[in-house]
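Single-structure report; data block below.
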Amino acid sequence: MMESGVPICETCGEKVGLNPNGGVFVACHECNFPICKSCFDYDIKEGRSSCLRCGAPYDVADVQMEPSNRSKMAAHLNNMQDVGLHARNISTVSTVDSELNDESGNPIWKNRVESWKDKEKKKKKAKSKVVKEAQIPPAQQMEEKQQSGDVAQSLSRVIPIPKSQLAPYRTVIIMRLIILGLFFHYRVTNPVDSAFPLWLTSVICEIWFAISWVLDQFPKWSPINRETYIDRLSERYEREGEPSELAGVDFFVSTVDPMKEPPLITANTVLSILAVDYPVDKVSCYVSDDGAAMLSFESLVETAEFARKWVPFCKKFEIEPRAPEFYFSQKIDYLKDKVQPSFVKERRAMKRDYEEYKVRINALVAKAQKTPEEGWTMQDGTPWPGNNTRDHPGMIQVFLGNSGAHDIEGNELPRLVYVSREKRPGYQHHKKAGAENALVRVSAVLTNAPYILNLDCDHYVNNSKAVREAMCFMMDPQVGGDVCYIQFPQRFDGIDRHDRYANRNTVFFDVNMKGLDGIQGPVYVGTGCVFNRQALYGYGPASLPSLPKASSSSCSSCGIFCCCCRPKKPTKDLTEVHRDSKREDLNAAIFNLKEIDNYDDYERSLLMSQMSFEKTFGLSSVFIESTLMENGGVAESANPSLLIKEAIQVISCGYEEKTAWGKEIGWIYGSVTEDILTGFKMHCRGWRSIYCMPLRPAFKGSAPINLSDRLHQVLRWALGSVEIFLSRHCPLWYGFGGGRLKWLQRLAYINTIVYPFTSLPLVAYCTLPAICLLTGKFIIPTLSNLASVWFLGLFISIIVTSVLELRWSGVSIEDWWRNEQFWVIGGVSAHLFAVFQGFLKMAAGLDTNFTVTTKAADDGEFGELYLFKWTTVLIPPTTLLILNMVGVIAGFSDALNKGYEAWGPLFGKVFFAFWVILHLYPFLKGLMGRQNRTPTIVVLWSVLLASVFSLVWVKINPFVSKDDGTKLVQSCISIDC
C-alpha cells in the first residue's frame, strides 16, 4: 500500500518516497514539483539542474526531505526530454510511406504510437540505470562529478548594465516625461491667435512626437549584455573519445535572381557555412533558388567542388573569415601568428585555386546574360526544368554529405542541398516567406535538425564559432527551454567611413536590441537568426500551462495526483474553459508537445486524430512525424529511398492549401516584412528570444550604400510595417487573450508598426519653418520666464538622455547623429510613400512600384556611393530643402528691411529652418553626387548667395532713402486733407 500523502513522481510514475526523517522528498522548494530521488539524480547528471515546473534552480547541495504542502501540488506536463542526445545520424535515416492510408483515406498513426512505445522502453532502461547509480552515496556522486567536471554550469550569463550608468539614465527618462507634461500644458494653454492654424498644427505634431518617443524609449528601460562560455559547451557535449553530442543545425540560404544577387556572393556565403567550426555531421546547408535559375544551380555545382579544397584549408589553419572573397581581400599581414611553415605555400595555392574558381563562376554569369530561344539545357542534354520561372516542377539536388563527395583529405563534408520549390500559375507563392517555409519542410524530411539558422544570400559567416555561441543558449537546460530564437546583430562590409546614410543602423542594433533583450527578447530582423524548430511549428514553450487532461485530475479519495484512480475523460471547470477560449483568441500554440506523454496508446492516437495534424501541417505523414521529434533526427524505421520523393511532395505548390502554413506555423504571411510578424507571433505564444553579440561579429553582409537604393530598402521595411498595422496581427489589438506578451515588449512592437505614420507630422513640422519665415508669423508666443524654463529643460533633457544612452551602449556620437539625420530623411520620403502605398493597397488593391533609373558611375571602392538613381521618393525631401532655403532668404531680407527689432523673432524661425536643413544635409550631398567630379555644390551655393544678395538689395532699395520716403508720404497725406 502507498503511504497516505505521498504523491506520484511526474517523471516515472512511481512514489516520490520518504526521507530518513519520515517526510516527503522535495526536490524544488519553490513549487514542490513531485519528482522522486532517482529521477532527480538522473536529471542532475544529464545537466538539467532546474525545476521542470517553475524553472527555479535546484539547490543540489541542500536537497532535504521536507513535508510536502499538498495545496501546492498541481498537475504538470511531463517535461523530461527523450533519453538520448541531440545527435542525429543521417546514415540511418528512414521514412514512412506517405501513401499509407486506411479505407477512409485518413493517415494511419500506428507507426507513431509504436515510436512512443519505444520511448517508454527507453525511459524504463534509463530508470533502471538511475536506480543502480542511486545506490552510490550522494556525497560520493557529487565528489565524482566535481572531479570529472560534470557539474552543471551555465553556458552563458547576463551582464547587467552598471547601476552607475543605468540609474541616471532612468532618472532622466522620468524627468523628461514630467517636463514633457509641463511643456504641453504650456503649449495648449497659450495659443497663438495670430497664427492659430500654424500653432494647432505644431502642437498636434509635437504630441505625436512625444508618443513616438515613449514607444521607442521605455522598451529600453532594462538593457543587458550577455556573455557565453564556448569552452563549457565543448566540455559538456564534446567529451574526448566520445561522439559529439552537439545539436544539429540546418542552414537556410535564400536567393531569387542571380543577376541582382551575384552567384559569387551567394557562393561565398555557402562556403563559409560549409567551413563553419562545428561537427560536419551536424551541419546541413539548404540553398533555396526561388527563381529556378540554371545559373544558380551550375554555380552551386562549382561551389561544391571548390568546397572540397576550401573547407579543409580553413579548418587546418583556423582561417577567419571563412568566406574566400573576404578572407583574401583583407588588408592584414597574413603571416602574423601563423607558425606552420607550409601555410604560406598552401595559402598561395589556395588563392590561385580561388581565382580560377572565380573565372569559372564569372564565365557562367557571362553565359547567362543571353537566354537561348529554345531555353537552357543541362549537360546531359535534357531541358532545364526551370526554363519557365513561373511554371516549373520542384527540384532538389543533394551535392555533399555523408554519402556524397568527400574533401581532398578524405573527410566527410557537411550536406549541401539545392532546392527550388514548385511554381504553377494560379497559386500564391508568398515570396521569401513561402520559400523559407518550403525549406523548413524539406529539411525536416531529409535531416530534421532541431535548430535552423537562416541567412540572406549576401550574409556570410564571419565568425566560424557563431553556431557554438548560439548553442550556449539553446542547449543550456537553464536557459534554452523557452527560447524560440537567438538573434545576432547585422554588421556590414563596404560602407564608407562616415556612413552617410546610416547603413550600419548602429543605434538600432546596439541600443534598441539590447533594451529588448532585457524584456522578452529582440525582434527577428530577417537574417542571422537561429530558430528552435519546434517554435516554428507553432508549439508553445514548456513553461506554458498544460491543457486539461486525465492525468491532471486529483483523486477524490486521497486528494493527491495518482494513477490508480485517474478518470478516463478530462473534466473542465469554468476557469479551464475560459483559458481555452483565450488560447483560441490568441491563436497560440497548437498544443504543448510535452503533455502527450501522459496518455496511454489509445488516448494518444485519439488525441492526435482530434488535433487534425494533417489540417495543420499538410498531408505528408513523414513530415508530421518529424514535428513530434523534439530533439530532431529522422525516424529510424524509414526507407531512405523515399526521402527525396517525400521532399518533392512537401515543396509542391499546392501543399500549403487549407493548412496552417503562413498563418500559425512557419514564416507568417501577410507582410513584406515577414520577419517582424514571425517573431511577434512567437512572442505572443509565450516564447522569449535572446540577443547574442560575440566580440567578433557572427555574420557580415553588404548594404545598399547609395541614396536611392537605401531609400527603397527603407521603403520596403516601412511598407511591411504599414501592412501589419492594417492586418489582424496589429500589436494594438492582437494577442491580449493569453497575457503572454509583456507590456514593454508590446510597446516595442507597436513602435515597429506605427513609426511610418510619423512621416505625416514630420513633413508638416519640416514645412512650418518656411511658412513662418515667408509669412512673418510664428508658432510660439512671446516667452515668459517660466515658459523659457520649460523649453530649456526640454532641450537639456533630450541632450542628457542621448548622452547617457550613448554611455551605456557604447555607440559613438557620429553614429547617433547619422541615425538622427536619416530618421528625418527617411521619414519625409520613404516612410511617407509607404503610408500612402499601404492604404492604396488595402483600399483599392493597388500595388504601386517605384521605378528606378540607374545612371553610370565610376568604378572604385565606394563608387556605388555616388550613383544617382532618380525616383519619385526623392521629391518630398527636395521640396522641403528648397522651401526652407527660400524661407531663410526671405526672412533675412525682411529683417534687414524692418530693422533691429525684427532680428529677435527671426532668430527662432531661422534656427527652426536650419534644424531641417542640417538634418537633410546628407540627402543634399546625395543629390549633388561626387563633389570632386562635378562642382555642383559650388554652383548651388553661388546661386543661393546671389539670390540672398539680390533680394536684400531689392528690399533695402538704396536709391530711395527712408527720409525721402517718409516726407513723400506726409506730403501726400497733407494734400488729401
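Labeling convention for the C-alpha cells: chains A, B, ... as they appear, residues from 1 per chain, ligands from 1 in order of appearance.
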
**Message:** At a cut-off of 9 Å, using only C-alpha atoms, what residues contact Glu409 in chain A? Leave out same-chain residues fewer than 3 positions from it and give the result as a PyMOL selection string.
**Reply:** chain A and resi 308-309+312+406

Would you return as a PDB file with C-alpha atoms, in the first residue's frame the members of range 289-524 of chain A that DSSP assigns to strand (DSSP E or B) on this structure's backbone?
ATOM      1  CA  ASP A 289      16.657  29.128 -55.568  1.00  0.00           C
ATOM      2  CA  THR A 377      19.727  22.626 -71.386  1.00  0.00           C
ATOM      3  CA  PRO A 383      15.936  20.773 -70.910  1.00  0.00           C
ATOM      4  CA  HIS A 392       8.046  24.561 -63.226  1.00  0.00           C
ATOM      5  CA  MET A 395      13.725  20.443 -57.874  1.00  0.00           C
ATOM      6  CA  ILE A 396      16.063  19.014 -55.234  1.00  0.00           C
ATOM      7  CA  GLN A 397      19.720  18.076 -55.644  1.00  0.00           C
ATOM      8  CA  VAL A 398      21.974  16.834 -52.837  1.00  0.00           C
ATOM      9  CA  PHE A 399      25.622  17.676 -53.586  1.00  0.00           C
ATOM     10  CA  LEU A 400      27.578  16.852 -50.466  1.00  0.00           C
ATOM     11  CA  ALA A 405      31.853  13.654 -52.244  1.00  0.00           C
ATOM     12  CA  ARG A 415      25.422  18.217 -46.538  1.00  0.00           C
ATOM     13  CA  LEU A 416      24.689  20.742 -49.315  1.00  0.00           C
ATOM     14  CA  VAL A 417      21.208  20.688 -50.869  1.00  0.00           C
ATOM     15  CA  TYR A 418      19.824  22.721 -53.779  1.00  0.00           C
ATOM     16  CA  VAL A 419      16.067  23.371 -53.534  1.00  0.00           C
ATOM     17  CA  SER A 420      13.722  25.077 -55.970  1.00  0.00           C
ATOM     18  CA  LYS A 423       5.540  27.022 -59.023  1.00  0.00           C
ATOM     19  CA  TYR A 451      17.704  24.158 -34.870  1.00  0.00           C
ATOM     20  CA  ILE A 452      17.561  26.297 -38.006  1.00  0.00           C
ATOM     21  CA  LEU A 453      19.855  29.194 -38.917  1.00  0.00           C
ATOM     22  CA  ASN A 454      18.681  31.400 -41.776  1.00  0.00           C
ATOM     23  CA  LEU A 455      20.917  33.789 -43.725  1.00  0.00           C
ATOM     24  CA  ASP A 456      20.401  36.129 -46.645  1.00  0.00           C
ATOM     25  CA  TYR A 460      28.405  35.216 -44.852  1.00  0.00           C
ATOM     26  CA  VAL A 461      29.638  33.585 -41.636  1.00  0.00           C
ATOM     27  CA  VAL A 483      13.850  30.354 -26.192  1.00  0.00           C
ATOM     28  CA  CYS A 484      12.396  30.493 -29.704  1.00  0.00           C
ATOM     29  CA  TYR A 485      15.377  32.101 -31.457  1.00  0.00           C
ATOM     30  CA  ILE A 486      18.800  33.649 -30.990  1.00  0.00           C
ATOM     31  CA  GLN A 487      19.190  36.882 -32.953  1.00  0.00           C
ATOM     32  CA  ARG A 491      27.149  44.021 -39.489  1.00  0.00           C
ATOM     33  CA  PHE A 492      28.172  45.179 -42.940  1.00  0.00           C
ATOM     34  CA  ASP A 493      31.188  45.464 -45.212  1.00  0.00           C
TER      35      ASP A 493
END

**Asked** Using only C-alpha atoms, which of the listed residues (A:Ile690, A:Val910, A:Leu744, A:Val287) sits closest to Cys457 in chain A?
**Response** A:Val287

**Message:** Using DSSP secondary structure from the backbone, list all alpha helix (DSSP H) positions within range 716-807 of chain A, as a count of residues only.
**Reply:** 62

**Pick from A:Leu774, A:Val873, A:Leu806, A:Val479 nearest to Ile889 in chain A, counting only C-alpha atoms** =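 Checking each of A:Leu774, A:Val873, A:Leu806, A:Val479 against Ile889 in chain A, counting only C-alpha atoms, the winner is A:Leu774.
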
**Request:** For CA of Met175 in chain A and CA of Trp808 in chain A, quote the distance in Å rounded to one decimal.
**Result:**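 Rounded to one decimal, the two atoms are 18.6 Å apart.
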
**Two-atom distance - CA of Ala307 in chain A, CA of Gly632 in chain A (Å)** =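 These atoms are spaced 26.5 Å apart.
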
**Asked** What is the CA of Phe923 in chain A to CA of Phe209 in chain A distance in Å?
**Response**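 Answer for the CA of Phe923 in chain A to CA of Phe209 in chain A separation: 22.1 Å.
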
**Request:** May I have the residues within 8 Å of Ile35 in chain A as a ChimeraX atom specification, using only C-alpha atoms and disregarding those fewer than 2 positions away in the same chain?
**Result:** /A:8-11,16,26-27,33,37,39-40

Write the selection just made, keeping all heavy atoms, as a JSON list (two decimals), in the first residue's frame?
[["chain", "number", "residue", "atom", "x", "y", "z"],
["A", 8, "ILE", "N", 2.81, 10.96, -6.50],
["A", 8, "ILE", "CA", 3.42, 10.16, -7.55],
["A", 8, "ILE", "C", 4.42, 11.01, -8.32],
["A", 8, "ILE", "O", 4.14, 12.17, -8.65],
["A", 8, "ILE", "CB", 2.34, 9.61, -8.50],
["A", 8, "ILE", "CG1", 1.39, 8.70, -7.74],
["A", 8, "ILE", "CG2", 2.99, 8.83, -9.65],
["A", 8, "ILE", "CD1", 2.04, 7.48, -7.11],
["A", 9, "CYS", "N", 5.58, 10.44, -8.63],
["A", 9, "CYS", "CA", 6.59, 11.15, -9.43],
["A", 9, "CYS", "C", 6.05, 11.42, -10.82],
["A", 9, "CYS", "O", 5.56, 10.52, -11.50],
["A", 9, "CYS", "CB", 7.87, 10.32, -9.51],
["A", 9, "CYS", "SG", 9.13, 11.04, -10.59],
["A", 10, "GLU", "N", 6.13, 12.66, -11.25],
["A", 10, "GLU", "CA", 5.62, 13.06, -12.56],
["A", 10, "GLU", "C", 6.47, 12.53, -13.71],
["A", 10, "GLU", "O", 6.07, 12.60, -14.86],
["A", 10, "GLU", "CB", 5.53, 14.59, -12.66],
["A", 10, "GLU", "CG", 4.42, 15.22, -11.84],
["A", 10, "GLU", "CD", 3.06, 15.10, -12.51],
["A", 10, "GLU", "OE1", 3.00, 14.78, -13.71],
["A", 10, "GLU", "OE2", 2.07, 15.32, -11.82],
["A", 11, "THR", "N", 7.67, 12.00, -13.42],
["A", 11, "THR", "CA", 8.56, 11.52, -14.47],
["A", 11, "THR", "C", 8.41, 10.03, -14.72],
["A", 11, "THR", "O", 8.22, 9.59, -15.84],
["A", 11, "THR", "CB", 10.02, 11.84, -14.11],
["A", 11, "THR", "OG1", 10.16, 13.27, -14.01],
["A", 11, "THR", "CG2", 10.97, 11.32, -15.17],
["A", 16, "VAL", "N", 7.10, 9.13, -4.84],
["A", 16, "VAL", "CA", 8.20, 10.07, -4.63],
["A", 16, "VAL", "C", 9.14, 9.55, -3.55],
["A", 16, "VAL", "O", 10.36, 9.67, -3.65],
["A", 16, "VAL", "CB", 7.66, 11.46, -4.28],
["A", 16, "VAL", "CG1", 8.76, 12.36, -3.77],
["A", 16, "VAL", "CG2", 7.01, 12.08, -5.51],
["A", 26, "VAL", "N", 11.45, 16.38, -1.33],
["A", 26, "VAL", "CA", 11.15, 17.60, -2.08],
["A", 26, "VAL", "C", 12.41, 18.03, -2.83],
["A", 26, "VAL", "O", 13.45, 18.29, -2.21],
["A", 26, "VAL", "CB", 10.69, 18.74, -1.14],
["A", 26, "VAL", "CG1", 10.43, 20.01, -1.95],
["A", 26, "VAL", "CG2", 9.44, 18.33, -0.38],
["A", 27, "ALA", "N", 12.32, 18.08, -4.16],
["A", 27, "ALA", "CA", 13.46, 18.50, -4.97],
["A", 27, "ALA", "C", 13.50, 20.00, -5.16],
["A", 27, "ALA", "O", 14.55, 20.63, -5.10],
["A", 27, "ALA", "CB", 13.43, 17.81, -6.35],
["A", 33, "PHE", "N", 7.40, 20.54, -6.88],
["A", 33, "PHE", "CA", 7.09, 19.68, -8.03],
["A", 33, "PHE", "C", 7.40, 18.22, -7.66],
["A", 33, "PHE", "O", 8.51, 17.92, -7.23],
["A", 33, "PHE", "CB", 7.92, 20.11, -9.23],
["A", 33, "PHE", "CG", 7.69, 19.29, -10.46],
["A", 33, "PHE", "CD1", 6.46, 19.31, -11.10],
["A", 33, "PHE", "CD2", 8.69, 18.49, -10.98],
["A", 33, "PHE", "CE1", 6.25, 18.56, -12.23],
["A", 33, "PHE", "CE2", 8.48, 17.75, -12.10],
["A", 33, "PHE", "CZ", 7.27, 17.77, -12.73],
["A", 37, "LYS", "N", 13.65, 10.76, -5.89],
["A", 37, "LYS", "CA", 15.09, 10.98, -5.73],
["A", 37, "LYS", "C", 15.86, 10.40, -6.91],
["A", 37, "LYS", "O", 16.84, 11.00, -7.39],
["A", 37, "LYS", "CB", 15.56, 10.33, -4.42],
["A", 37, "LYS", "CG", 17.03, 10.58, -4.09],
["A", 37, "LYS", "CD", 17.27, 12.05, -3.80],
["A", 37, "LYS", "CE", 18.61, 12.28, -3.13],
["A", 37, "LYS", "NZ", 19.75, 11.81, -3.93],
["A", 39, "CYS", "N", 14.91, 9.99, -10.12],
["A", 39, "CYS", "CA", 14.78, 10.86, -11.30],
["A", 39, "CYS", "C", 15.50, 12.18, -11.08],
["A", 39, "CYS", "O", 16.04, 12.77, -12.02],
["A", 39, "CYS", "CB", 13.30, 11.10, -11.61],
["A", 39, "CYS", "SG", 12.41, 9.62, -12.12],
["A", 40, "PHE", "N", 15.50, 12.67, -9.84],
["A", 40, "PHE", "CA", 16.21, 13.91, -9.54],
["A", 40, "PHE", "C", 17.71, 13.74, -9.79],
["A", 40, "PHE", "O", 18.35, 14.58, -10.42],
["A", 40, "PHE", "CB", 15.94, 14.30, -8.09],
["A", 40, "PHE", "CG", 16.81, 15.42, -7.59],
["A", 40, "PHE", "CD1", 16.53, 16.74, -7.91],
["A", 40, "PHE", "CD2", 17.93, 15.15, -6.81],
["A", 40, "PHE", "CE1", 17.32, 17.77, -7.46],
["A", 40, "PHE", "CE2", 18.73, 16.18, -6.37],
["A", 40, "PHE", "CZ", 18.44, 17.48, -6.68]]

**Item:** From A:Ala433, A:Ala913, A:Val270, A:Ile361, residue lying nearest Asp675 in chain A [only C-alpha atoms]
**Value:**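 Checking each candidate against Asp675 in chain A, we get A:Ala433 as the closest.
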
**Request:** Considering only C-alpha atoms, return as number ranges by chain whatever protein or nucleic-acid residues lie within 10 Å of Asp510 in chain A, sequence-local ones (same chain, fewer than 3 positions apart) excluded.
**Result:** A: 489, 505-507, 513-515, 693, 806, 808-811

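If only C-alpha atoms are the atoms counted, then among A:Gln340, A:Thr678, A:Asn785, A:Ser299 the closest residue to Phe317 in chain A is A:Gln340.
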
**Message:** So that I can check the surroundings of range 825-837 of chain A, please list as JSON, numbers by chain every protein, DNA and RNA residue that reaches within 9 Å of it, counting only C-alpha atoms and ignoring chain neighbours fewer than 6 positions away.
**Reply:** {"A": [501, 711, 712, 713, 714, 715, 716, 717, 718, 719, 720, 721, 722, 755, 756, 757, 758, 759, 760, 762, 763, 766, 846, 847, 848, 872, 873, 874, 875, 876, 877, 880, 919, 920, 922, 923]}

**Request:** Mind checking which residues fall within 9 Å of Arg322 in chain A, counting only C-alpha atoms, ignoring those fewer than 5 positions away in the same chain, and posting them as a PyMOL selection string?
**Result:** chain A and resi 268-269+271-276+310-311+314+327+460-464

Emit the selected residues as a short mmCIF file (atom, residue, chain, number, x, y, z; two decimals), in the first residue's frame, including all heavy atoms.
data_model
loop_
_atom_site.label_atom_id
_atom_site.label_comp_id
_atom_site.auth_asym_id
_atom_site.auth_seq_id
_atom_site.Cartn_x
_atom_site.Cartn_y
_atom_site.Cartn_z
N ASN A 268 30.08 32.48 -51.74
CA ASN A 268 30.90 32.76 -50.57
C ASN A 268 30.13 32.51 -49.27
O ASN A 268 30.70 32.02 -48.29
CB ASN A 268 31.39 34.21 -50.61
CG ASN A 268 32.70 34.36 -51.36
OD1 ASN A 268 33.78 34.28 -50.78
ND2 ASN A 268 32.61 34.56 -52.66
N THR A 269 28.85 32.84 -49.27
CA THR A 269 28.02 32.54 -48.10
C THR A 269 27.96 31.03 -47.86
O THR A 269 28.11 30.56 -46.73
CB THR A 269 26.61 33.11 -48.29
OG1 THR A 269 26.69 34.53 -48.45
CG2 THR A 269 25.73 32.79 -47.11
N LEU A 271 30.10 28.70 -48.88
CA LEU A 271 31.42 28.20 -48.49
C LEU A 271 31.72 28.49 -47.02
O LEU A 271 32.31 27.67 -46.32
CB LEU A 271 32.50 28.81 -49.38
CG LEU A 271 32.53 28.32 -50.83
CD1 LEU A 271 33.45 29.20 -51.68
CD2 LEU A 271 32.99 26.86 -50.89
N SER A 272 31.30 29.66 -46.55
CA SER A 272 31.54 30.00 -45.15
C SER A 272 30.71 29.10 -44.23
O SER A 272 31.13 28.80 -43.10
CB SER A 272 31.21 31.47 -44.89
OG SER A 272 29.81 31.71 -45.04
N ILE A 273 29.55 28.66 -44.70
CA ILE A 273 28.72 27.75 -43.91
C ILE A 273 29.34 26.36 -43.86
O ILE A 273 29.42 25.72 -42.80
CB ILE A 273 27.29 27.69 -44.49
CG1 ILE A 273 26.59 29.03 -44.30
CG2 ILE A 273 26.49 26.56 -43.84
CD1 ILE A 273 25.25 29.13 -45.00
N LEU A 274 29.78 25.87 -45.02
CA LEU A 274 30.36 24.53 -45.08
C LEU A 274 31.64 24.42 -44.25
O LEU A 274 31.99 23.33 -43.79
CB LEU A 274 30.64 24.16 -46.54
CG LEU A 274 29.42 24.08 -47.47
CD1 LEU A 274 29.86 23.75 -48.89
CD2 LEU A 274 28.42 23.04 -46.97
N ALA A 275 32.33 25.55 -44.07
CA ALA A 275 33.60 25.54 -43.33
C ALA A 275 33.43 25.96 -41.88
O ALA A 275 34.42 26.19 -41.19
CB ALA A 275 34.61 26.46 -44.02
N VAL A 276 32.20 26.05 -41.39
CA VAL A 276 31.97 26.52 -40.03
C VAL A 276 32.59 25.55 -39.02
O VAL A 276 32.71 24.34 -39.27
CB VAL A 276 30.45 26.68 -39.80
CG1 VAL A 276 29.77 25.32 -39.66
CG2 VAL A 276 30.16 27.55 -38.60
N TRP A 310 38.53 24.06 -50.08
CA TRP A 310 38.47 25.21 -49.19
C TRP A 310 38.20 24.83 -47.74
O TRP A 310 38.82 25.35 -46.81
CB TRP A 310 37.39 26.18 -49.69
CG TRP A 310 37.14 27.34 -48.79
CD1 TRP A 310 36.06 27.57 -48.01
CD2 TRP A 310 38.03 28.44 -48.55
NE1 TRP A 310 36.20 28.74 -47.31
CE2 TRP A 310 37.41 29.29 -47.63
CE3 TRP A 310 39.30 28.77 -49.03
CZ2 TRP A 310 38.00 30.46 -47.18
CZ3 TRP A 310 39.89 29.94 -48.57
CH2 TRP A 310 39.25 30.77 -47.67
N VAL A 311 37.29 23.89 -47.51
CA VAL A 311 36.90 23.53 -46.14
C VAL A 311 38.09 22.98 -45.34
O VAL A 311 38.36 23.45 -44.22
CB VAL A 311 35.72 22.55 -46.16
CG1 VAL A 311 35.44 22.03 -44.74
CG2 VAL A 311 34.47 23.23 -46.72
N CYS A 314 40.55 25.81 -44.40
CA CYS A 314 40.08 26.70 -43.33
C CYS A 314 40.24 26.04 -41.96
O CYS A 314 40.70 26.67 -41.00
CB CYS A 314 38.61 27.07 -43.55
SG CYS A 314 38.32 28.16 -44.95
N TYR A 327 38.17 36.83 -47.13
CA TYR A 327 39.43 36.48 -46.48
C TYR A 327 40.62 36.99 -47.29
O TYR A 327 41.53 37.62 -46.74
CB TYR A 327 39.53 34.96 -46.30
CG TYR A 327 40.90 34.51 -45.89
CD1 TYR A 327 41.41 34.82 -44.64
CD2 TYR A 327 41.71 33.79 -46.77
CE1 TYR A 327 42.68 34.42 -44.25
CE2 TYR A 327 42.99 33.38 -46.40
CZ TYR A 327 43.47 33.70 -45.14
OH TYR A 327 44.72 33.32 -44.77
N TYR A 460 27.54 36.37 -45.05
CA TYR A 460 28.40 35.22 -44.85
C TYR A 460 28.75 35.05 -43.38
O TYR A 460 28.57 35.98 -42.56
CB TYR A 460 29.69 35.36 -45.68
CG TYR A 460 30.58 36.51 -45.29
CD1 TYR A 460 31.59 36.36 -44.35
CD2 TYR A 460 30.41 37.77 -45.87
CE1 TYR A 460 32.41 37.42 -43.99
CE2 TYR A 460 31.22 38.83 -45.52
CZ TYR A 460 32.21 38.64 -44.58
OH TYR A 460 33.02 39.71 -44.22
N VAL A 461 29.25 33.87 -43.02
CA VAL A 461 29.64 33.58 -41.64
C VAL A 461 31.00 34.21 -41.39
O VAL A 461 32.02 33.76 -41.92
CB VAL A 461 29.68 32.07 -41.39
CG1 VAL A 461 30.08 31.79 -39.94
CG2 VAL A 461 28.34 31.43 -41.70
N ASN A 462 31.03 35.26 -40.59
CA ASN A 462 32.27 35.98 -40.30
C ASN A 462 33.00 35.39 -39.10
O ASN A 462 34.21 35.54 -38.97
CB ASN A 462 31.96 37.46 -40.04
CG ASN A 462 33.19 38.28 -39.79
OD1 ASN A 462 34.02 38.44 -40.68
ND2 ASN A 462 33.33 38.81 -38.58
N ASN A 463 32.27 34.72 -38.23
CA ASN A 463 32.82 34.09 -37.03
C ASN A 463 32.49 32.61 -37.09
O ASN A 463 31.34 32.22 -36.97
CB ASN A 463 32.22 34.74 -35.78
CG ASN A 463 32.81 34.18 -34.49
OD1 ASN A 463 33.51 33.18 -34.50
ND2 ASN A 463 32.53 34.85 -33.38
N SER A 464 33.50 31.78 -37.30
CA SER A 464 33.26 30.35 -37.50
C SER A 464 32.67 29.68 -36.27
O SER A 464 32.13 28.59 -36.36
CB SER A 464 34.57 29.65 -37.89
OG SER A 464 35.52 29.77 -36.84
#

**Request:** Would you please work out which residue, of A:Thr673, A:Ser708, A:Asn225, A:Ser652, is nearest to Gln428 in chain A when using only C-alpha atoms?
**Result:**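 Between A:Thr673, A:Ser708, A:Asn225, A:Ser652, the residue approaching Gln428 in chain A most closely is A:Ser652.
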